[in-house]
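To be precise, the following lines are structure-v2.txt, and they hold compact mmCIF, C-alpha atoms.
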```txt
# COMPACT_ATOMS: atom_id res chain seq x y z
CA MET A 1 7.32 45.33 -1.86
CA ASP A 2 7.78 42.20 0.23
CA ILE A 3 9.44 43.61 3.36
CA LEU A 4 10.37 40.12 4.56
CA ARG A 5 12.82 39.80 1.66
CA LEU A 6 14.84 42.69 3.12
CA LEU A 7 15.46 40.74 6.31
CA PRO A 8 18.46 38.42 6.70
CA ALA A 9 17.50 34.81 5.94
CA ARG A 10 17.75 33.74 9.57
CA PHE A 11 15.05 36.25 10.56
CA ARG A 12 12.56 35.34 7.85
CA PRO A 13 9.70 32.92 8.61
CA ARG A 14 10.69 29.41 7.53
CA GLN A 15 8.89 28.16 4.44
CA LYS A 16 6.54 25.26 5.19
CA ARG A 17 7.74 21.97 3.74
CA VAL A 18 5.75 18.81 3.03
CA ALA A 19 7.46 15.53 2.12
CA VAL A 20 5.40 13.77 -0.54
CA LEU A 21 5.83 9.98 -0.50
CA ARG A 22 4.40 8.07 -3.45
CA LEU A 23 3.14 4.55 -2.65
CA HIS A 24 2.20 3.09 -6.01
CA GLY A 25 1.79 -0.59 -6.87
CA VAL A 26 1.03 -4.01 -5.47
CA ILE A 27 2.29 -4.64 -1.93
CA GLY A 28 4.61 -7.58 -1.39
CA ALA A 29 8.18 -8.64 -0.73
CA THR A 30 10.15 -8.15 -3.94
CA ARG A 31 13.66 -8.71 -5.17
CA PRO A 32 15.90 -5.59 -5.36
CA GLY A 33 15.00 -3.34 -8.27
CA ALA A 34 11.66 -5.04 -8.93
CA ALA A 35 8.30 -3.34 -9.02
CA GLY A 36 6.04 -3.32 -5.99
CA LEU A 37 5.95 -2.01 -2.45
CA SER A 38 7.83 -3.69 0.38
CA ASP A 39 9.10 -2.53 3.74
CA ALA A 40 12.72 -3.25 2.79
CA ALA A 41 12.49 -1.23 -0.42
CA LEU A 42 10.58 1.68 1.13
CA ALA A 43 12.44 1.95 4.44
CA PRO A 44 15.13 4.40 3.19
CA LEU A 45 12.53 6.59 1.46
CA ILE A 46 10.25 6.68 4.49
CA GLU A 47 13.15 7.51 6.81
CA ARG A 48 14.29 10.38 4.56
CA ALA A 49 10.76 11.70 4.15
CA PHE A 50 10.43 12.13 7.93
CA THR A 51 13.94 13.37 8.70
CA ARG A 52 15.42 15.31 5.77
CA GLY A 53 14.90 19.08 5.94
CA ARG A 54 12.65 19.04 9.01
CA PRO A 55 9.32 18.63 7.15
CA ASP A 56 6.15 20.12 8.62
CA ALA A 57 4.10 17.18 7.33
CA VAL A 58 4.30 14.02 5.25
CA ALA A 59 1.79 13.32 2.49
CA LEU A 60 1.16 9.78 1.23
CA LEU A 61 0.02 9.55 -2.39
CA ILE A 62 -1.52 6.07 -2.49
CA ASN A 63 -2.45 4.07 -5.55
CA SER A 64 -2.45 0.42 -4.52
CA PRO A 65 -4.93 -2.47 -4.83
CA GLY A 66 -3.26 -4.24 -1.91
CA GLY A 67 -1.18 -7.38 -1.63
CA SER A 68 0.72 -8.88 1.29
CA PRO A 69 -0.86 -8.30 4.73
CA VAL A 70 2.57 -8.63 6.38
CA GLN A 71 4.26 -6.04 4.16
CA SER A 72 1.24 -3.74 4.53
CA SER A 73 1.54 -3.97 8.30
CA LEU A 74 5.31 -3.42 8.29
CA ILE A 75 5.16 -0.37 6.03
CA ALA A 76 2.26 1.21 7.92
CA ALA A 77 3.93 0.56 11.28
CA ARG A 78 7.16 2.22 10.09
CA ILE A 79 5.26 5.30 8.93
CA ARG A 80 3.34 5.50 12.18
CA ARG A 81 6.44 5.01 14.35
CA LEU A 82 8.30 7.85 12.66
CA ALA A 83 5.26 10.11 12.72
CA ASP A 84 4.94 9.64 16.48
CA GLU A 85 8.67 9.95 17.14
CA LYS A 86 9.07 13.13 15.08
CA ARG A 87 5.61 14.49 15.93
CA ILE A 88 4.89 15.08 12.25
CA PRO A 89 1.32 14.96 10.90
CA VAL A 90 0.62 12.54 8.05
CA HIS A 91 -2.01 13.03 5.35
CA ALA A 92 -3.07 10.31 2.88
CA PHE A 93 -4.41 11.03 -0.60
CA VAL A 94 -6.01 8.18 -2.56
CA GLU A 95 -5.58 8.21 -6.33
CA ASP A 96 -7.23 5.38 -8.31
CA VAL A 97 -7.45 2.89 -5.47
CA ALA A 98 -6.56 2.28 -1.83
CA ALA A 99 -8.06 -1.16 -1.34
CA SER A 100 -7.16 -4.01 0.99
CA GLY A 101 -3.46 -3.46 1.84
CA GLY A 102 -3.61 -0.09 0.09
CA TYR A 103 -6.22 1.03 2.60
CA TRP A 104 -4.09 -0.47 5.39
CA LEU A 105 -1.36 1.98 4.32
CA ALA A 106 -3.80 4.88 4.17
CA CYS A 107 -4.78 4.27 7.78
CA ALA A 108 -1.22 5.10 8.84
CA ALA A 109 -2.16 8.74 8.17
CA ASP A 110 -3.96 11.11 10.51
CA ASP A 111 -6.54 11.85 7.83
CA ILE A 112 -7.48 10.31 4.48
CA TRP A 113 -8.64 12.19 1.36
CA ALA A 114 -9.75 10.77 -1.96
CA ASP A 115 -11.13 11.69 -5.33
CA GLY A 116 -14.88 11.22 -5.65
CA THR A 117 -14.30 8.31 -8.03
CA SER A 118 -11.45 6.62 -6.13
CA ILE A 119 -11.99 3.05 -4.93
CA VAL A 120 -11.61 2.61 -1.17
CA GLY A 121 -12.04 -0.25 1.31
CA SER A 122 -11.88 -4.00 0.68
CA ILE A 123 -11.11 -4.65 4.35
CA GLY A 124 -10.74 -8.38 4.04
CA VAL A 125 -8.22 -11.12 3.29
CA ILE A 126 -8.16 -13.36 0.22
CA SER A 127 -6.29 -16.46 -0.90
CA ALA A 128 -6.62 -17.66 -4.49
CA GLY A 129 -5.05 -20.40 -6.55
CA PHE A 130 -5.71 -23.15 -9.07
CA GLY A 131 -6.57 -26.83 -8.82
CA LEU A 132 -4.54 -28.72 -11.42
CA ASP A 133 -5.14 -32.30 -10.30
CA GLY A 134 -7.63 -32.96 -13.11
CA PHE A 135 -5.24 -31.53 -15.70
CA ILE A 136 -2.31 -33.77 -14.78
CA ASP A 137 -4.60 -36.80 -14.58
CA ARG A 138 -5.81 -36.22 -18.14
CA HIS A 139 -2.22 -36.04 -19.36
CA GLY A 140 -1.04 -39.09 -17.45
CA ILE A 141 1.26 -37.11 -15.17
CA GLN A 142 1.98 -38.49 -11.71
CA ARG A 143 2.52 -36.18 -8.75
CA ARG A 144 5.15 -37.55 -6.31
CA VAL A 145 5.46 -35.77 -2.98
CA HIS A 146 7.32 -37.09 0.08
CA THR A 147 7.10 -35.21 3.37
CA ALA A 148 8.12 -35.44 6.99
CA GLY A 149 5.14 -33.87 8.70
CA GLY A 150 1.52 -34.34 7.77
CA SER A 151 0.85 -30.70 6.86
CA LYS A 152 3.86 -30.08 4.59
CA SER A 153 1.81 -30.70 1.43
CA PHE A 154 -0.88 -28.27 2.59
CA LEU A 155 -3.06 -27.08 -0.34
CA ASP A 156 -0.97 -28.83 -2.99
CA PRO A 157 -2.56 -27.56 -6.25
CA PHE A 158 -1.78 -30.85 -8.01
CA ARG A 159 -3.85 -32.92 -5.60
CA PRO A 160 -7.58 -32.89 -4.85
CA GLU A 161 -8.54 -30.26 -2.28
CA LYS A 162 -8.90 -31.60 1.25
CA PRO A 163 -11.63 -30.28 3.59
CA GLU A 164 -9.16 -30.15 6.49
CA ASP A 165 -6.80 -27.98 4.40
CA VAL A 166 -9.61 -25.55 3.56
CA GLU A 167 -10.60 -25.39 7.22
CA ARG A 168 -7.03 -24.65 8.25
CA LEU A 169 -6.65 -21.95 5.57
CA THR A 170 -9.90 -20.34 6.70
CA ARG A 171 -8.57 -20.11 10.26
CA LEU A 172 -5.40 -18.41 8.99
CA LEU A 173 -7.34 -15.92 6.88
CA GLU A 174 -9.73 -15.12 9.71
CA ASP A 175 -6.84 -14.40 12.07
CA MET A 176 -5.28 -12.02 9.51
CA HIS A 177 -8.67 -10.38 9.10
CA VAL A 178 -8.81 -9.71 12.85
CA SER A 179 -5.47 -7.89 12.65
CA PHE A 180 -6.73 -5.79 9.72
CA ARG A 181 -9.98 -4.90 11.51
CA ASP A 182 -8.13 -4.00 14.70
CA TRP A 183 -5.74 -1.71 12.80
CA VAL A 184 -8.53 0.14 11.00
CA THR A 185 -10.54 0.48 14.20
CA SER A 186 -7.55 1.77 16.16
CA ARG A 187 -6.74 4.37 13.51
CA ARG A 188 -10.23 5.53 12.47
CA GLY A 189 -11.98 4.93 15.80
CA PRO A 190 -15.11 7.04 16.31
CA LYS A 191 -15.04 8.24 12.69
CA LEU A 192 -16.33 4.85 11.52
CA ALA A 193 -20.04 4.54 10.84
CA GLU A 194 -22.13 1.82 12.47
CA GLY A 195 -22.50 -1.46 10.64
CA ASP A 196 -20.08 -4.04 9.29
CA LEU A 197 -17.47 -2.28 7.20
CA PHE A 198 -15.13 -5.28 7.23
CA THR A 199 -16.79 -7.57 4.68
CA GLY A 200 -14.36 -6.83 1.85
CA GLU A 201 -16.79 -4.41 0.19
CA VAL A 202 -15.45 -1.38 -1.66
CA TRP A 203 -16.85 2.13 -2.04
CA THR A 204 -16.18 5.12 -4.24
CA GLY A 205 -14.56 8.08 -2.54
CA ARG A 206 -17.87 9.91 -2.42
CA GLN A 207 -19.60 6.91 -0.84
CA ALA A 208 -16.75 6.30 1.60
CA ILE A 209 -17.29 9.63 3.37
CA ALA A 210 -20.50 8.36 4.95
CA THR A 211 -18.77 5.17 6.14
CA GLY A 212 -16.03 7.14 7.89
CA LEU A 213 -13.32 5.32 5.96
CA ILE A 214 -12.11 8.66 4.59
CA ASP A 215 -12.37 12.25 5.82
CA GLY A 216 -13.52 13.86 2.60
CA ILE A 217 -12.96 14.60 -1.06
CA GLY A 218 -9.63 16.30 -1.65
CA HIS A 219 -6.59 16.35 -3.92
CA ALA A 220 -3.06 16.64 -2.61
CA VAL A 221 -1.86 20.04 -3.84
CA PRO A 222 -4.93 22.18 -3.06
CA LYS A 223 -5.58 20.45 0.25
CA LEU A 224 -1.97 20.79 1.41
CA LYS A 225 -1.89 24.44 0.34
CA ALA A 226 -5.07 25.01 2.33
CA LEU A 227 -3.41 23.43 5.37
CA TYR A 228 0.12 24.85 5.06
CA GLY A 229 -0.19 27.98 2.91
CA ASP A 230 0.11 28.77 -0.79
CA LYS A 231 3.91 28.94 -0.62
CA VAL A 232 4.36 25.47 0.86
CA ALA A 233 7.27 23.53 -0.70
CA PHE A 234 6.66 19.94 -1.82
CA ILE A 235 9.58 17.52 -1.50
CA PRO A 236 8.89 14.36 -3.58
CA TYR A 237 10.03 10.85 -2.63
CA GLY A 238 9.39 7.78 -4.76
CA GLN A 239 10.92 4.49 -5.84
CA ARG A 240 13.23 4.73 -8.83
CA ARG A 241 13.12 2.16 -11.57
CA SER A 242 16.42 0.38 -11.98
CA LEU A 243 18.29 0.62 -15.29
CA LEU A 244 17.52 -3.04 -15.91
CA ARG A 245 13.79 -2.46 -15.50
CA ARG A 246 13.87 0.59 -17.77
CA ILE A 247 15.68 -1.39 -20.47
CA GLY A 248 13.31 -4.30 -19.96
CA ALA A 249 10.30 -2.04 -20.53
CA ALA A 250 11.69 -1.14 -23.96
CA PHE A 251 13.36 -4.42 -24.97
CA GLY A 252 11.54 -6.97 -22.85
CA SER A 253 11.86 -9.86 -25.27
CA GLY A 254 15.65 -9.60 -25.24
CA LEU A 255 16.14 -10.00 -21.51
CA GLY A 256 15.16 -13.62 -21.02
CA SER A 257 14.14 -14.45 -17.46
CA GLU A 258 14.17 -10.79 -16.37
CA ALA A 259 11.61 -9.95 -19.04
CA ALA A 260 9.50 -12.98 -18.14
CA GLU A 261 9.46 -11.97 -14.47
CA ALA A 262 8.45 -8.43 -15.41
CA ILE A 263 5.63 -9.71 -17.63
CA ILE A 264 4.35 -12.04 -14.90
CA ALA A 265 4.52 -9.28 -12.27
CA GLN A 266 2.60 -6.94 -14.55
CA ALA A 267 -0.02 -9.60 -15.24
CA GLU A 268 -0.45 -10.24 -11.52
CA GLU A 269 -0.89 -6.53 -10.82
CA ARG A 270 -3.45 -6.21 -13.61
CA ALA A 271 -5.37 -9.17 -12.18
CA ILE A 272 -5.46 -7.63 -8.71
CA ARG A 273 -6.52 -4.23 -10.03
CA ALA A 274 -9.22 -5.88 -12.14
CA ARG A 275 -11.03 -6.85 -8.92
CA TYR A 276 -11.85 -3.15 -8.55
CA GLY A 277 -12.74 -2.44 -12.16
CA LEU A 278 -9.40 -0.75 -12.90
```

Show the structure stored in the file as structure tokens.
Amino acid sequence: MDILRLLPARFRPRQKRVAVLRLHGVIGATRPGAAGLSDAALAPLIERAFTRGRPDAVALLINSPGGSPVQSSLIAARIRRLADEKRIPVHAFVEDVAASGGYWLACAADDIWADGTSIVGSIGVISAGFGLDGFIDRHGIQRRVHTAGGSKSFLDPFRPEKPEDVERLTRLLEDMHVSFRDWVTSRRGPKLAEGDLFTGEVWTGRQAIATGLIDGIGHAVPKLKALYGDKVAFIPYGQRRSLLRRIGAAFGSGLGSEAAEAIIAQAEERAIRARYGL
């Protein structure tokens, strides 16, 4: 017989509770109801995860190939601020991938766990686009741009690439890279192995242990039970798909511009994930 059950509820030991926050998708500012991770969309979920029901810990289930450095920084900073204010430990669990901005989010946790085959790292910054000046020339199309300010047509894809534009873009990317490196170093500190881990390279979860980018191989449920007991309660938090998005998934061709936006967003996410063989 469980003697504790005979006691009044107020005298029984409180069941451990872990808020489980799912961070799944490409990171970037999005319109309301759209797919993707942004600080504005996640703020209510993150706030509830740290405050509702006095959780003993917060677990981040991360499956993201990255995206916007700004949104990555904002989301991670919000998580870290609440963790410090509430004095609640945070554990990150990598699913398929926590690369680039996805790894930025993982570093908001006190420890990072991954599957042996997860993809981790890509601590770098990238800018990609297309040069369409040759295309419009072949079709006799003229590009007419009028600006007040010499840099307003910076990296215009319909004009030949300028060396000074590339140099300026490189300076911007390098400055963002410094912020990323500083964040990882501040969060992982002495755990990081010697050598340059900030080249944009990726590792499997098993390989990442030796680099210090993660703390070990572990899955959310067994690891959290090992930390907080077999009877720990998991409280899930995740973004809900709007009715419009659910309808669009089934009847995309009938929704005009909404369907087109969804198709483009999905294509962009697939392209980003393809960098990591996913």

### Query
In Å, how far is it from atom CA of His24 of chain A to atom CA of Ile75 of chain A?
12.9 Å

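Picture a line from atom CA of Phe130 of chain A to atom CA of Gly66 of chain A; it runs 20.4 Å.
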
### Summary
atom CA of Ala226 of chain A sits from atom CA of Leu61 of chain A at a separation of 16.9 Å

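These residues, each with an atom at most 12 Å from (-4.8, 21.4, -1.5) using all atoms listed in the file, are Val18, Ala59, His91, Phe93, Trp113, Ala114, Ile217, Gly218, His219, Ala220, Val221, Pro222, Lys223, Leu224, Lys225, Ala226, Leu227, Tyr228, Gly229, Asp230, Lys231, Val232 and Phe234 of chain A.
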
Contacts of segment 72-74 of chain A within 7 Å, all atoms listed in the file, excl. fewer than 6 positions in-chain, as an mmCIF file with C-alpha atoms, in the coordinates of the input:
```
data_model
loop_
_atom_site.group_PDB
_atom_site.id
_atom_site.type_symbol
_atom_site.label_atom_id
_atom_site.label_comp_id
_atom_site.auth_asym_id
_atom_site.auth_seq_id
_atom_site.Cartn_x
_atom_site.Cartn_y
_atom_site.Cartn_z
ATOM 1 C CA ILE A 27 2.290 -4.640 -1.930
ATOM 2 C CA ASP A 39 9.100 -2.530 3.740
ATOM 3 C CA GLY A 101 -3.460 -3.460 1.840
ATOM 4 C CA TRP A 104 -4.090 -0.470 5.390
ATOM 5 C CA LEU A 105 -1.360 1.980 4.320
#
```

Fill-in result for segment 49-66 of chain A, N, CA, C and O atoms as a PDB file, in the coordinates of the input:
```pdb
ATOM      1  N   ALA A  49      11.929  10.834   4.209  1.00  0.00           N
ATOM      2  CA  ALA A  49      10.760  11.700   4.150  1.00  0.00           C
ATOM      3  C   ALA A  49      10.470  12.343   5.508  1.00  0.00           C
ATOM      4  O   ALA A  49      10.034  13.500   5.580  1.00  0.00           O
ATOM      5  N   PHE A  50      10.735  11.611   6.592  1.00  0.00           N
ATOM      6  CA  PHE A  50      10.430  12.130   7.930  1.00  0.00           C
ATOM      7  C   PHE A  50      11.581  12.900   8.561  1.00  0.00           C
ATOM      8  O   PHE A  50      11.364  13.603   9.553  1.00  0.00           O
ATOM      9  N   THR A  51      12.786  12.773   8.020  1.00  0.00           N
ATOM     10  CA  THR A  51      13.940  13.370   8.700  1.00  0.00           C
ATOM     11  C   THR A  51      14.641  14.460   7.886  1.00  0.00           C
ATOM     12  O   THR A  51      15.206  15.385   8.460  1.00  0.00           O
ATOM     13  N   ARG A  52      14.657  14.356   6.567  1.00  0.00           N
ATOM     14  CA  ARG A  52      15.420  15.310   5.770  1.00  0.00           C
ATOM     15  C   ARG A  52      14.720  16.665   5.704  1.00  0.00           C
ATOM     16  O   ARG A  52      13.549  16.760   5.345  1.00  0.00           O
ATOM     17  N   GLY A  53      15.429  17.725   6.075  1.00  0.00           N
ATOM     18  CA  GLY A  53      14.900  19.080   5.940  1.00  0.00           C
ATOM     19  C   GLY A  53      13.807  19.467   6.909  1.00  0.00           C
ATOM     20  O   GLY A  53      13.087  20.432   6.686  1.00  0.00           O
ATOM     21  N   ARG A  54      13.647  18.721   7.987  1.00  0.00           N
ATOM     22  CA  ARG A  54      12.650  19.040   9.010  1.00  0.00           C
ATOM     23  C   ARG A  54      11.271  19.352   8.402  1.00  0.00           C
ATOM     24  O   ARG A  54      10.773  20.469   8.469  1.00  0.00           O
ATOM     25  N   PRO A  55      10.623  18.375   7.784  1.00  0.00           N
ATOM     26  CA  PRO A  55       9.320  18.630   7.150  1.00  0.00           C
ATOM     27  C   PRO A  55       8.247  18.968   8.179  1.00  0.00           C
ATOM     28  O   PRO A  55       8.298  18.515   9.331  1.00  0.00           O
ATOM     29  N   ASP A  56       7.289  19.776   7.755  1.00  0.00           N
ATOM     30  CA  ASP A  56       6.150  20.120   8.620  1.00  0.00           C
ATOM     31  C   ASP A  56       5.066  19.054   8.553  1.00  0.00           C
ATOM     32  O   ASP A  56       4.221  18.973   9.442  1.00  0.00           O
ATOM     33  N   ALA A  57       5.087  18.257   7.492  1.00  0.00           N
ATOM     34  CA  ALA A  57       4.100  17.180   7.330  1.00  0.00           C
ATOM     35  C   ALA A  57       4.624  16.202   6.293  1.00  0.00           C
ATOM     36  O   ALA A  57       5.542  16.508   5.525  1.00  0.00           O
ATOM     37  N   VAL A  58       4.025  15.023   6.283  1.00  0.00           N
ATOM     38  CA  VAL A  58       4.300  14.020   5.250  1.00  0.00           C
ATOM     39  C   VAL A  58       2.979  13.678   4.581  1.00  0.00           C
ATOM     40  O   VAL A  58       1.974  13.421   5.264  1.00  0.00           O
ATOM     41  N   ALA A  59       2.977  13.701   3.252  1.00  0.00           N
ATOM     42  CA  ALA A  59       1.790  13.320   2.490  1.00  0.00           C
ATOM     43  C   ALA A  59       2.038  11.992   1.800  1.00  0.00           C
ATOM     44  O   ALA A  59       3.093  11.789   1.188  1.00  0.00           O
ATOM     45  N   LEU A  60       1.091  11.078   1.904  1.00  0.00           N
ATOM     46  CA  LEU A  60       1.160   9.780   1.230  1.00  0.00           C
ATOM     47  C   LEU A  60       0.257   9.814   0.011  1.00  0.00           C
ATOM     48  O   LEU A  60      -0.954  10.025   0.147  1.00  0.00           O
ATOM     49  N   LEU A  61       0.829   9.652  -1.174  1.00  0.00           N
ATOM     50  CA  LEU A  61       0.020   9.550  -2.390  1.00  0.00           C
ATOM     51  C   LEU A  61      -0.132   8.056  -2.691  1.00  0.00           C
ATOM     52  O   LEU A  61       0.832   7.395  -3.111  1.00  0.00           O
ATOM     53  N   ILE A  62      -1.315   7.522  -2.454  1.00  0.00           N
ATOM     54  CA  ILE A  62      -1.520   6.070  -2.490  1.00  0.00           C
ATOM     55  C   ILE A  62      -2.301   5.649  -3.723  1.00  0.00           C
ATOM     56  O   ILE A  62      -3.362   6.206  -4.029  1.00  0.00           O
ATOM     57  N   ASN A  63      -1.758   4.681  -4.422  1.00  0.00           N
ATOM     58  CA  ASN A  63      -2.450   4.070  -5.550  1.00  0.00           C
ATOM     59  C   ASN A  63      -2.094   2.588  -5.530  1.00  0.00           C
ATOM     60  O   ASN A  63      -1.174   2.147  -6.199  1.00  0.00           O
ATOM     61  N   SER A  64      -2.791   1.831  -4.710  1.00  0.00           N
ATOM     62  CA  SER A  64      -2.450   0.420  -4.520  1.00  0.00           C
ATOM     63  C   SER A  64      -3.705  -0.423  -4.308  1.00  0.00           C
ATOM     64  O   SER A  64      -4.543  -0.088  -3.478  1.00  0.00           O
ATOM     65  N   PRO A  65      -3.807  -1.556  -5.038  1.00  0.00           N
ATOM     66  CA  PRO A  65      -4.930  -2.470  -4.830  1.00  0.00           C
ATOM     67  C   PRO A  65      -4.682  -3.472  -3.720  1.00  0.00           C
ATOM     68  O   PRO A  65      -5.486  -4.369  -3.502  1.00  0.00           O
ATOM     69  N   GLY A  66      -3.534  -3.347  -3.024  1.00  0.00           N
ATOM     70  CA  GLY A  66      -3.260  -4.240  -1.910  1.00  0.00           C
ATOM     71  C   GLY A  66      -2.185  -5.255  -2.224  1.00  0.00           C
ATOM     72  O   GLY A  66      -1.351  -5.062  -3.105  1.00  0.00           O
TER      73      GLY A  66
END
```
